[in-house]
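Visitor: So here's upload-v9.pdb, just PDB, C-alpha atoms:
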ATOM      1  CA  MET A  31    -100.916  41.747 160.526
ATOM      2  CA  LEU A  32     -99.714  41.448 156.922
ATOM      3  CA  GLU A  33     -96.258  42.696 155.986
ATOM      4  CA  THR A  34     -96.225  45.978 154.073
ATOM      5  CA  PRO A  35     -95.052  45.189 150.529
ATOM      6  CA  THR A  36     -92.518  48.023 150.462
ATOM      7  CA  GLY A  37     -88.878  48.322 151.439
ATOM      8  CA  GLU A  38     -86.905  45.173 150.648
ATOM      9  CA  ALA A  39     -89.764  43.494 148.755
ATOM     10  CA  GLU A  40     -90.386  46.576 146.622
ATOM     11  CA  ALA A  41     -86.686  46.993 145.847
ATOM     12  CA  THR A  42     -86.434  43.342 144.887
ATOM     13  CA  ALA A  43     -89.366  43.633 142.491
ATOM     14  CA  GLN A  44     -87.984  46.775 140.883
ATOM     15  CA  ALA A  45     -84.482  45.353 140.491
ATOM     16  CA  GLY A  46     -85.721  42.022 139.184
ATOM     17  CA  THR A  47     -83.382  40.096 141.459
ATOM     18  CA  GLY A  48     -83.487  38.745 144.971
ATOM     19  CA  PRO A  49     -82.096  35.957 147.109
ATOM     20  CA  ALA A  50     -83.438  32.448 146.628
ATOM     21  CA  GLY A  51     -86.362  31.854 148.958
ATOM     22  CA  PHE A  52     -87.083  35.572 149.304
ATOM     23  CA  TRP A  53     -90.810  35.313 148.663
ATOM     24  CA  THR A  54     -93.176  34.032 151.352
ATOM     25  CA  LEU A  55     -96.901  33.475 151.407
ATOM     26  CA  GLN A  56     -97.201  36.439 153.782
ATOM     27  CA  LYS A  57     -95.438  38.750 151.316
ATOM     28  CA  ALA A  58     -97.645  37.505 148.482
ATOM     29  CA  GLU A  59    -100.768  38.031 150.584
ATOM     30  CA  ALA A  60     -99.633  41.553 151.389
ATOM     31  CA  LEU A  61     -99.248  42.407 147.725
ATOM     32  CA  HIS A  62    -102.564  40.817 146.818
ATOM     33  CA  GLY A  63    -104.281  42.714 149.627
ATOM     34  CA  LEU A  64    -103.343  46.154 148.287
ATOM     35  CA  PRO A  65    -106.122  48.380 146.935
ATOM     36  CA  PHE A  66    -106.680  47.329 143.325
ATOM     37  CA  ASN A  67    -105.421  50.554 141.761
ATOM     38  CA  ASP A  68    -102.253  50.513 143.863
ATOM     39  CA  LEU A  69    -101.520  46.889 143.003
ATOM     40  CA  ILE A  70    -102.044  47.362 139.267
ATOM     41  CA  HIS A  71     -99.998  50.574 139.285
ATOM     42  CA  ARG A  72     -97.059  48.864 141.011
ATOM     43  CA  ALA A  73     -97.241  45.853 138.719
ATOM     44  CA  HIS A  74     -97.321  48.000 135.592
ATOM     45  CA  ALA A  75     -94.332  50.020 136.809
ATOM     46  CA  VAL A  76     -92.350  46.803 137.319
ATOM     47  CA  HIS A  77     -93.476  45.500 133.921
ATOM     48  CA  ARG A  78     -92.475  48.711 132.141
ATOM     49  CA  ARG A  79     -89.067  48.640 133.811
ATOM     50  CA  HIS A  80     -88.226  45.219 132.383
ATOM     51  CA  PHE A  81     -90.242  44.944 129.149
ATOM     52  CA  ASP A  82     -91.653  46.935 126.278
ATOM     53  CA  PRO A  83     -95.210  47.384 127.634
ATOM     54  CA  ASN A  84     -96.727  47.204 124.143
ATOM     55  CA  ALA A  85     -95.041  43.997 122.979
ATOM     56  CA  ILE A  86     -96.566  40.517 123.266
ATOM     57  CA  GLN A  87     -94.625  37.277 122.874
ATOM     58  CA  LEU A  88     -96.521  35.031 120.435
ATOM     59  CA  SER A  89     -96.300  31.239 120.524
ATOM     60  CA  ARG A  90     -98.041  28.415 118.727
ATOM     61  CA  LEU A  91     -98.776  25.083 120.423
ATOM     62  CA  LEU A  92     -99.124  21.769 118.591
ATOM     63  CA  SER A  93    -100.092  18.408 120.043
ATOM     64  CA  ILE A  94     -97.602  16.073 118.378
ATOM     65  CA  LYS A  95     -98.963  13.055 120.270
ATOM     66  CA  THR A  96    -102.484  13.249 121.680
ATOM     67  CA  GLY A  97    -104.264  11.259 124.396
ATOM     68  CA  GLY A  98    -103.591   7.938 126.085
ATOM     69  CA  CYS A  99    -101.591   9.391 128.981
ATOM     70  CA  PRO A 100    -101.403   7.041 132.009
ATOM     71  CA  GLU A 101    -101.358   9.909 134.546
ATOM     72  CA  ASP A 102    -104.470  10.826 136.568
ATOM     73  CA  CYS A 103    -104.251  14.648 136.427
ATOM     74  CA  GLY A 104    -107.809  15.520 137.398
ATOM     75  CA  TYR A 105    -108.199  18.361 134.888
ATOM     76  CA  CYS A 106    -106.738  16.732 131.777
ATOM     77  CA  SER A 107    -108.656  15.678 128.677
ATOM     78  CA  GLN A 108    -105.753  13.456 127.592
ATOM     79  CA  SER A 109    -105.706  11.079 130.556
ATOM     80  CA  ALA A 110    -106.515   7.495 129.569
ATOM     81  CA  ARG A 111    -108.342   7.161 132.901
ATOM     82  CA  TYR A 112    -111.236   9.442 131.932
ATOM     83  CA  ASP A 113    -113.858   9.359 129.184
ATOM     84  CA  THR A 114    -113.392  12.789 127.643
ATOM     85  CA  GLY A 115    -113.921  11.951 123.986
ATOM     86  CA  VAL A 116    -110.250  12.492 123.125
ATOM     87  CA  LYS A 117    -108.854   9.754 120.895
ATOM     88  CA  ALA A 118    -105.281   8.599 121.417
ATOM     89  CA  THR A 119    -102.998   9.135 118.425
ATOM     90  CA  ARG A 120     -99.507   8.143 117.373
ATOM     91  CA  LEU A 121     -96.590  10.581 117.309
ATOM     92  CA  MET A 122     -96.912  12.856 114.293
ATOM     93  CA  ALA A 123     -94.616  12.544 111.316
ATOM     94  CA  LEU A 124     -91.703  14.956 111.060
ATOM     95  CA  GLU A 125     -93.036  16.458 107.830
ATOM     96  CA  GLU A 126     -96.402  17.299 109.425
ATOM     97  CA  VAL A 127     -94.752  19.049 112.356
ATOM     98  CA  VAL A 128     -92.468  21.096 110.114
ATOM     99  CA  ALA A 129     -95.419  22.142 107.946
ATOM    100  CA  ALA A 130     -97.311  23.286 111.036
ATOM    101  CA  ALA A 131     -94.262  25.219 112.234
ATOM    102  CA  ARG A 132     -93.967  26.984 108.881
ATOM    103  CA  ARG A 133     -97.613  28.049 109.121
ATOM    104  CA  ALA A 134     -97.087  29.260 112.677
ATOM    105  CA  LYS A 135     -94.156  31.417 111.611
ATOM    106  CA  ALA A 136     -96.142  32.840 108.692
ATOM    107  CA  GLU A 137     -98.927  33.758 111.128
ATOM    108  CA  GLY A 138     -96.543  35.731 113.357
ATOM    109  CA  ALA A 139     -95.453  33.225 116.016
ATOM    110  CA  THR A 140     -91.829  33.414 117.160
ATOM    111  CA  ARG A 141     -91.923  30.258 119.276
ATOM    112  CA  PHE A 142     -93.232  26.826 118.371
ATOM    113  CA  CYS A 143     -94.253  24.545 121.233
ATOM    114  CA  MET A 144     -94.648  20.776 120.817
ATOM    115  CA  GLY A 145     -96.643  18.755 123.342
ATOM    116  CA  ALA A 146     -96.874  14.983 123.740
ATOM    117  CA  ALA A 147     -99.176  13.208 126.190
ATOM    118  CA  TRP A 148     -96.608  11.003 127.895
ATOM    119  CA  ARG A 149     -95.622  10.294 131.474
ATOM    120  CA  SER A 150     -92.075  10.349 130.086
ATOM    121  CA  PRO A 151     -90.723   9.778 126.570
ATOM    122  CA  LYS A 152     -89.365   6.434 125.389
ATOM    123  CA  PRO A 153     -85.867   6.479 123.813
ATOM    124  CA  ARG A 154     -87.189   5.896 120.276
ATOM    125  CA  ASP A 155     -89.745   8.685 120.703
ATOM    126  CA  LEU A 156     -87.197  11.088 122.162
ATOM    127  CA  ALA A 157     -85.000  10.635 119.093
ATOM    128  CA  ARG A 158     -87.945  11.498 116.823
ATOM    129  CA  VAL A 159     -88.824  14.570 118.887
ATOM    130  CA  ALA A 160     -85.199  15.689 118.807
ATOM    131  CA  ALA A 161     -85.358  15.553 114.996
ATOM    132  CA  MET A 162     -88.500  17.708 115.107
ATOM    133  CA  VAL A 163     -86.796  20.222 117.376
ATOM    134  CA  GLU A 164     -83.803  20.433 115.040
ATOM    135  CA  ALA A 165     -86.030  20.971 111.991
ATOM    136  CA  VAL A 166     -88.202  23.617 113.671
ATOM    137  CA  LYS A 167     -85.137  25.433 114.973
ATOM    138  CA  ALA A 168     -83.774  25.530 111.420
ATOM    139  CA  LEU A 169     -86.841  27.570 110.408
ATOM    140  CA  GLY A 170     -85.692  30.375 112.713
ATOM    141  CA  LEU A 171     -88.261  29.731 115.443
ATOM    142  CA  GLU A 172     -87.648  29.403 119.170
ATOM    143  CA  THR A 173     -88.468  25.862 120.259
ATOM    144  CA  CYS A 174     -90.337  24.537 123.280
ATOM    145  CA  ALA A 175     -91.480  21.040 124.205
ATOM    146  CA  THR A 176     -93.574  19.405 126.901
ATOM    147  CA  LEU A 177     -93.101  15.642 127.017
ATOM    148  CA  GLY A 178     -93.574  14.705 130.661
ATOM    149  CA  MET A 179     -90.779  13.841 133.057
ATOM    150  CA  LEU A 180     -87.171  13.997 131.854
ATOM    151  CA  THR A 181     -83.892  12.597 133.100
ATOM    152  CA  GLY A 182     -80.779  14.731 132.882
ATOM    153  CA  GLU A 183     -79.578  12.738 129.876
ATOM    154  CA  GLU A 184     -82.883  13.225 128.052
ATOM    155  CA  ALA A 185     -82.868  16.953 128.759
ATOM    156  CA  GLY A 186     -79.303  17.156 127.458
ATOM    157  CA  ALA A 187     -80.260  15.373 124.226
ATOM    158  CA  LEU A 188     -83.082  17.833 123.603
ATOM    159  CA  ARG A 189     -80.805  20.787 124.302
ATOM    160  CA  ALA A 190     -78.232  19.384 121.868
ATOM    161  CA  ALA A 191     -80.961  19.190 119.215
ATOM    162  CA  GLY A 192     -81.670  22.901 119.647
ATOM    163  CA  LEU A 193     -84.471  23.007 122.194
ATOM    164  CA  ASP A 194     -84.736  26.404 123.877
ATOM    165  CA  TYR A 195     -87.515  25.916 126.464
ATOM    166  CA  TYR A 196     -88.941  22.995 128.380
ATOM    167  CA  ASN A 197     -92.491  23.267 129.662
ATOM    168  CA  HIS A 198     -93.333  21.376 132.853
ATOM    169  CA  ASN A 199     -95.948  23.039 135.040
ATOM    170  CA  VAL A 200     -96.193  22.726 138.809
ATOM    171  CA  ASP A 201     -99.984  23.038 138.255
ATOM    172  CA  THR A 202    -100.980  24.298 141.705
ATOM    173  CA  SER A 203     -99.757  24.862 145.261
ATOM    174  CA  PRO A 204     -97.846  22.229 147.236
ATOM    175  CA  GLY A 205    -100.803  21.996 149.624
ATOM    176  CA  PHE A 206    -103.433  21.413 146.936
ATOM    177  CA  TYR A 207    -101.353  19.283 144.591
ATOM    178  CA  GLY A 208    -102.466  15.960 146.071
ATOM    179  CA  GLU A 209    -106.108  16.882 145.498
ATOM    180  CA  ILE A 210    -105.703  16.792 141.716
ATOM    181  CA  ILE A 211    -102.863  14.334 140.958
ATOM    182  CA  SER A 212    -101.687  11.091 142.575
ATOM    183  CA  THR A 213     -99.578   9.418 139.870
ATOM    184  CA  ARG A 214     -96.786  12.020 139.850
ATOM    185  CA  THR A 215     -95.552  13.951 142.860
ATOM    186  CA  LEU A 216     -94.645  17.601 143.001
ATOM    187  CA  GLU A 217     -91.094  16.482 143.805
ATOM    188  CA  ASP A 218     -91.086  14.547 140.498
ATOM    189  CA  ARG A 219     -91.990  17.750 138.688
ATOM    190  CA  LEU A 220     -89.323  19.760 140.472
ATOM    191  CA  ALA A 221     -86.728  17.100 139.621
ATOM    192  CA  THR A 222     -87.571  17.405 135.920
ATOM    193  CA  LEU A 223     -87.291  21.190 136.141
ATOM    194  CA  ALA A 224     -83.872  20.822 137.764
ATOM    195  CA  ASN A 225     -82.760  18.392 135.044
ATOM    196  CA  ALA A 226     -83.907  20.788 132.329
ATOM    197  CA  ARG A 227     -82.152  23.729 133.955
ATOM    198  CA  GLU A 228     -78.951  21.744 134.454
ATOM    199  CA  ALA A 229     -78.974  20.861 130.745
ATOM    200  CA  GLY A 230     -79.087  24.555 129.841
ATOM    201  CA  LEU A 231     -82.765  24.737 128.918
ATOM    202  CA  LYS A 232     -84.920  27.725 129.789
ATOM    203  CA  LEU A 233     -88.010  26.904 131.819
ATOM    204  CA  CYS A 234     -91.636  27.400 130.893
ATOM    205  CA  CYS A 235     -93.448  26.643 134.134
ATOM    206  CA  GLY A 236     -96.735  27.835 135.589
ATOM    207  CA  GLY A 237    -100.047  26.473 136.739
ATOM    208  CA  ILE A 238    -103.828  26.438 136.576
ATOM    209  CA  VAL A 239    -106.331  28.473 138.551
ATOM    210  CA  GLY A 240    -109.969  27.600 139.018
ATOM    211  CA  LEU A 241    -109.588  23.921 139.962
ATOM    212  CA  GLY A 242    -111.275  24.381 143.332
ATOM    213  CA  GLU A 243    -108.207  25.736 145.111
ATOM    214  CA  THR A 244    -108.231  28.631 147.588
ATOM    215  CA  LEU A 245    -106.728  32.068 147.061
ATOM    216  CA  ASP A 246    -103.826  31.102 149.322
ATOM    217  CA  ASP A 247    -103.230  28.072 147.096
ATOM    218  CA  ARG A 248    -102.931  30.365 144.088
ATOM    219  CA  LEU A 249    -100.514  32.640 145.902
ATOM    220  CA  ALA A 250     -98.522  29.680 147.249
ATOM    221  CA  MET A 251     -98.116  28.461 143.671
ATOM    222  CA  LEU A 252     -96.658  31.853 142.719
ATOM    223  CA  VAL A 253     -94.339  31.714 145.733
ATOM    224  CA  LEU A 254     -93.107  28.279 144.609
ATOM    225  CA  LEU A 255     -92.429  29.567 141.084
ATOM    226  CA  ALA A 256     -90.807  32.822 142.196
ATOM    227  CA  ASN A 257     -88.459  30.991 144.564
ATOM    228  CA  LEU A 258     -87.073  28.709 141.875
ATOM    229  CA  ASP A 259     -83.475  29.774 141.318
ATOM    230  CA  PRO A 260     -83.785  31.441 138.899
ATOM    231  CA  ALA A 261     -87.505  31.924 138.316
ATOM    232  CA  PRO A 262     -88.860  30.420 135.071
ATOM    233  CA  GLU A 263     -88.247  32.534 132.001
ATOM    234  CA  SER A 264     -91.842  31.878 130.903
ATOM    235  CA  VAL A 265     -94.791  31.499 133.269
ATOM    236  CA  PRO A 266     -98.096  30.317 131.748
ATOM    237  CA  LEU A 267    -101.143  31.238 133.818
ATOM    238  CA  ASN A 268    -103.947  28.898 132.820
ATOM    239  CA  LEU A 269    -107.619  29.382 133.603
ATOM    240  CA  TRP A 270    -109.619  26.194 134.071
ATOM    241  CA  ASN A 271    -110.631  25.159 130.561
ATOM    242  CA  GLU A 272    -113.857  23.181 130.686
ATOM    243  CA  VAL A 273    -113.383  19.458 130.046
ATOM    244  CA  ALA A 274    -116.293  17.064 130.440
ATOM    245  CA  GLY A 275    -115.595  13.759 132.150
ATOM    246  CA  VAL A 276    -112.673  14.769 134.394
ATOM    247  CA  PRO A 277    -112.916  14.796 138.225
ATOM    248  CA  VAL A 278    -112.097  18.491 138.588
ATOM    249  CA  ALA A 279    -115.158  19.493 136.552
ATOM    250  CA  ALA A 280    -117.441  18.909 139.540
ATOM    251  CA  ARG A 281    -115.813  21.614 141.670
ATOM    252  CA  ALA A 282    -113.955  23.849 139.215
ATOM    253  CA  GLU A 283    -114.763  27.562 139.121
ATOM    254  CA  ARG A 284    -112.767  30.166 137.247
ATOM    255  CA  PRO A 285    -111.948  33.422 139.065
ATOM    256  CA  ASP A 286    -113.596  36.574 137.738
ATOM    257  CA  ALA A 287    -111.682  39.115 135.659
ATOM    258  CA  ILE A 288    -110.696  41.357 138.566
ATOM    259  CA  ALA A 289    -109.496  38.425 140.678
ATOM    260  CA  PHE A 290    -107.439  37.081 137.785
ATOM    261  CA  ALA A 291    -105.924  40.499 137.033
ATOM    262  CA  ARG A 292    -104.872  40.715 140.691
ATOM    263  CA  LEU A 293    -103.118  37.369 140.341
ATOM    264  CA  VAL A 294    -101.340  38.505 137.166
ATOM    265  CA  ALA A 295    -100.206  41.680 138.932
ATOM    266  CA  VAL A 296     -98.823  39.762 141.921
ATOM    267  CA  ALA A 297     -97.028  37.371 139.552
ATOM    268  CA  ARG A 298     -95.499  40.299 137.672
ATOM    269  CA  ILE A 299     -94.145  41.887 140.863
ATOM    270  CA  MET A 300     -92.826  38.570 142.188
ATOM    271  CA  MET A 301     -91.281  37.492 138.856
ATOM    272  CA  PRO A 302     -90.366  40.789 137.203
ATOM    273  CA  GLN A 303     -88.149  39.341 134.468
ATOM    274  CA  SER A 304     -90.385  36.416 133.506
ATOM    275  CA  VAL A 305     -92.694  36.501 130.515
ATOM    276  CA  LEU A 306     -96.241  35.904 131.800
ATOM    277  CA  ARG A 307     -98.523  34.055 129.406
ATOM    278  CA  LEU A 308    -102.306  34.233 129.328
ATOM    279  CA  SER A 309    -102.578  30.576 128.398
ATOM    280  CA  ALA A 310    -105.499  28.126 128.478
ATOM    281  CA  GLY A 311    -108.971  29.504 129.098
ATOM    282  CA  ARG A 312    -108.392  32.795 127.318
ATOM    283  CA  GLN A 313    -111.467  32.251 125.127
ATOM    284  CA  TYR A 314    -113.586  32.882 128.241
ATOM    285  CA  MET A 315    -112.030  36.318 128.801
ATOM    286  CA  SER A 316    -113.532  39.496 127.381
ATOM    287  CA  ASP A 317    -111.346  41.915 125.445
ATOM    288  CA  GLU A 318    -111.512  44.245 128.434
ATOM    289  CA  ALA A 319    -110.352  41.522 130.826
ATOM    290  CA  GLN A 320    -107.400  40.693 128.581
ATOM    291  CA  ALA A 321    -106.481  44.373 128.252
ATOM    292  CA  LEU A 322    -106.495  44.701 132.043
ATOM    293  CA  CYS A 323    -104.221  41.672 132.356
ATOM    294  CA  PHE A 324    -101.825  43.078 129.760
ATOM    295  CA  PHE A 325    -101.629  46.313 131.739
ATOM    296  CA  ALA A 326    -101.062  44.307 134.926
ATOM    297  CA  GLY A 327     -98.050  42.565 133.380
ATOM    298  CA  ALA A 328     -99.127  39.700 131.123
ATOM    299  CA  ASN A 329     -97.133  39.769 127.899
ATOM    300  CA  SER A 330     -97.485  36.457 126.083
ATOM    301  CA  LEU A 331    -100.187  34.274 124.551
ATOM    302  CA  PHE A 332    -100.810  31.327 122.257
ATOM    303  CA  LEU A 333    -102.078  31.954 118.748
ATOM    304  CA  GLY A 334    -104.517  29.549 117.128
ATOM    305  CA  GLU A 335    -108.004  28.285 117.852
ATOM    306  CA  THR A 336    -106.830  25.028 119.490
ATOM    307  CA  LEU A 337    -104.497  24.407 122.441
ATOM    308  CA  LEU A 338    -103.620  20.720 122.379
ATOM    309  CA  THR A 339    -107.232  19.469 122.695
ATOM    310  CA  THR A 340    -109.129  22.518 124.010
ATOM    311  CA  ARG A 341    -110.371  25.747 122.473
ATOM    312  CA  ASN A 342    -108.522  29.049 122.311
ATOM    313  CA  ALA A 343    -109.402  32.575 121.201
ATOM    314  CA  SER A 344    -109.688  32.964 117.421
ATOM    315  CA  GLU A 345    -106.900  34.538 115.412
ATOM    316  CA  GLU A 346    -109.296  37.142 114.023
ATOM    317  CA  ARG A 347    -110.302  38.211 117.515
ATOM    318  CA  ASP A 348    -106.665  38.428 118.606
ATOM    319  CA  ALA A 349    -105.712  40.522 115.581
ATOM    320  CA  ALA A 350    -108.575  42.927 116.237
ATOM    321  CA  LEU A 351    -107.677  43.210 119.922
ATOM    322  CA  PHE A 352    -104.018  43.891 119.154
ATOM    323  CA  ALA A 353    -105.028  46.620 116.721
ATOM    324  CA  ARG A 354    -107.338  48.247 119.282
ATOM    325  CA  LEU A 355    -104.656  48.207 121.976
ATOM    326  CA  GLY A 356    -101.668  49.069 119.792
ATOM    327  CA  LEU A 357     -99.871  45.849 120.690
ATOM    328  CA  THR A 358     -97.120  44.359 118.532
ATOM    329  CA  ALA A 359     -95.275  41.047 118.471
ATOM    330  CA  MET A 360     -92.258  40.728 120.738
ATOM    331  CA  PRO A 361     -89.132  39.800 118.789
ATOM    332  CA  ALA A 362     -87.541  36.445 119.483
ATOM    333  CA  GLY A 363     -85.218  36.557 122.489
ATOM    334  CA  GLU A 364     -87.583  37.687 125.232
ATOM    335  CA  GLY A 365     -86.665  39.255 128.534
ATOM    336  CA  VAL A 366     -84.485  42.131 127.391
ATOM    337  CA  ASP A 367     -85.017  45.115 129.687
ATOM    338  CA  ALA A 368     -86.817  47.865 127.801
ATOM    339  CA  ASP A 369     -86.363  50.546 130.471
ATOM    340  CA  ALA A 370     -89.107  52.473 128.651
TER     341      ALA A 370
END
Kindly return the structure encoded in the file as structure tokens.

Guide:
Amino acid sequence: MLETPTGEAEATAQAGTGPAGFWTLQKAEALHGLPFNDLIHRAHAVHRRHFDPNAIQLSRLLSIKTGGCPEDCGYCSQSARYDTGVKATRLMALEEVVAAARRAKAEGATRFCMGAAWRSPKPRDLARVAAMVEAVKALGLETCATLGMLTGEEAGALRAAGLDYYNHNVDTSPGFYGEIISTRTLEDRLATLANAREAGLKLCCGGIVGLGETLDDRLAMLVLLANLDPAPESVPLNLWNEVAGVPVAARAERPDAIAFARLVAVARIMMPQSVLRLSAGRQYMSDEAQALCFFAGANSLFLGETLLTTRNASEERDAALFARLGLTAMPAGEGVDADA
């Protein structure tokens, strides 16, 4: 019989704190198994306790070095192992990155995220990225980067340059991880997260749903994230974004809107102080599906019609949706309790 998600679990979710290792798969299953209205109501109550329920954190993502990655992540258009039509490029020039960051700020983004398709950065490349971080930070934007695996020294250099967040996703559950990646272990990913945290960086860490995993895999991924000490400040929830030529395409299937809203709600209860981002795959979601996810606790998204190499919702559609729902941009410095 499933545990009842009340008592200690409910108090932990409301308070936003709990002991490391508190969450279990059984507790996550119990939450997920609630009647839909009860689950969404509880998630929204937790969300409202910790955030302004009508504010959305807006980020912009730029691929500063595209394609040619040696990893074999089975979902990724940028792997050199698959014929996806993505051409490998060199690292962008500093001036191009700064110009893109200026445009992002003018369009309402408060955070600028820079992604490079590397297994790990080379010293000469890290120095160039650090210069980009410093220049973007000088524009008054929060900074985020995703560059592959980092040592403690590399993470420290990025923090010294002004980096605020490091993105390094766990991708999926520990049990399903080996089905989609063989060139980098989950332990490698966790080591990079620990190095980033030790250097004083905030974490942006989430995963992908719809790769052929089970419901328990999705919940186990949330358990892994929620039990990080502390939980990531930002948690991107990615829907499978169709990429031709990758192994996952043969078995991938995105969850429907209700199933995804349930997952968002469980994530909100388990990680009450984390910003939850509707990330890749949002172009497949209806306005109604997005609105339901916002009510369930999602409060971040990427602006712009391209995410690295895949499509995203258009800026015009986002602006119209925000106007319909009365949503506004979250000021920089997320995570302040609204107690609204």

Visitor: Using all atoms listed in the file, find the one residue out of A:Ile70, A:Met144, A:Ala226, A:Ala160 that sits nearest to A:Ser89.

Guide: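 Smallest separation from A:Ser89 among the options: A:Met144.
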
Visitor: In Å, how far is it from atom CA of A:Met251 to atom CA of A:Thr173?

Guide: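 Separation of atom CA of A:Met251 and atom CA of A:Thr173: 25.5 Å.
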
Visitor: Under the rule that all atoms listed in the file are counted, which of A:Thr358, A:Ser309, A:Gln320, A:Thr215 is the nearest residue to A:Cys103?

Guide: A:Thr215

Visitor: Do you have the atom CA of A:Leu69-atom CA of A:Leu249 distance handy?

Guide: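 Value for the atom CA of A:Leu69-atom CA of A:Leu249 distance: 14.6 Å.
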
Visitor: Taking (-103.7, 21.5, 135.4) in the file's own coordinates, collect the residues within 10 Å, counting all atoms listed in the file, and hand them back as a VMD selection string.

Guide: chain A and resid 103 to 106 199 to 202 207 210 to 211 236 to 241 268 to 271 278 310

Visitor: Adding 8 Å on each side of the box along x, y and z that holds all listed atoms of stretch 77-83 of chain A, could you give its centre and edge lengths in Å to one decimal, as AutoDock Vina command-line options?

Guide:
--center_x -91.7 --center_y 46.8 --center_z 130.1 --size_x 23.0 --size_y 19.8 --size_z 23.6
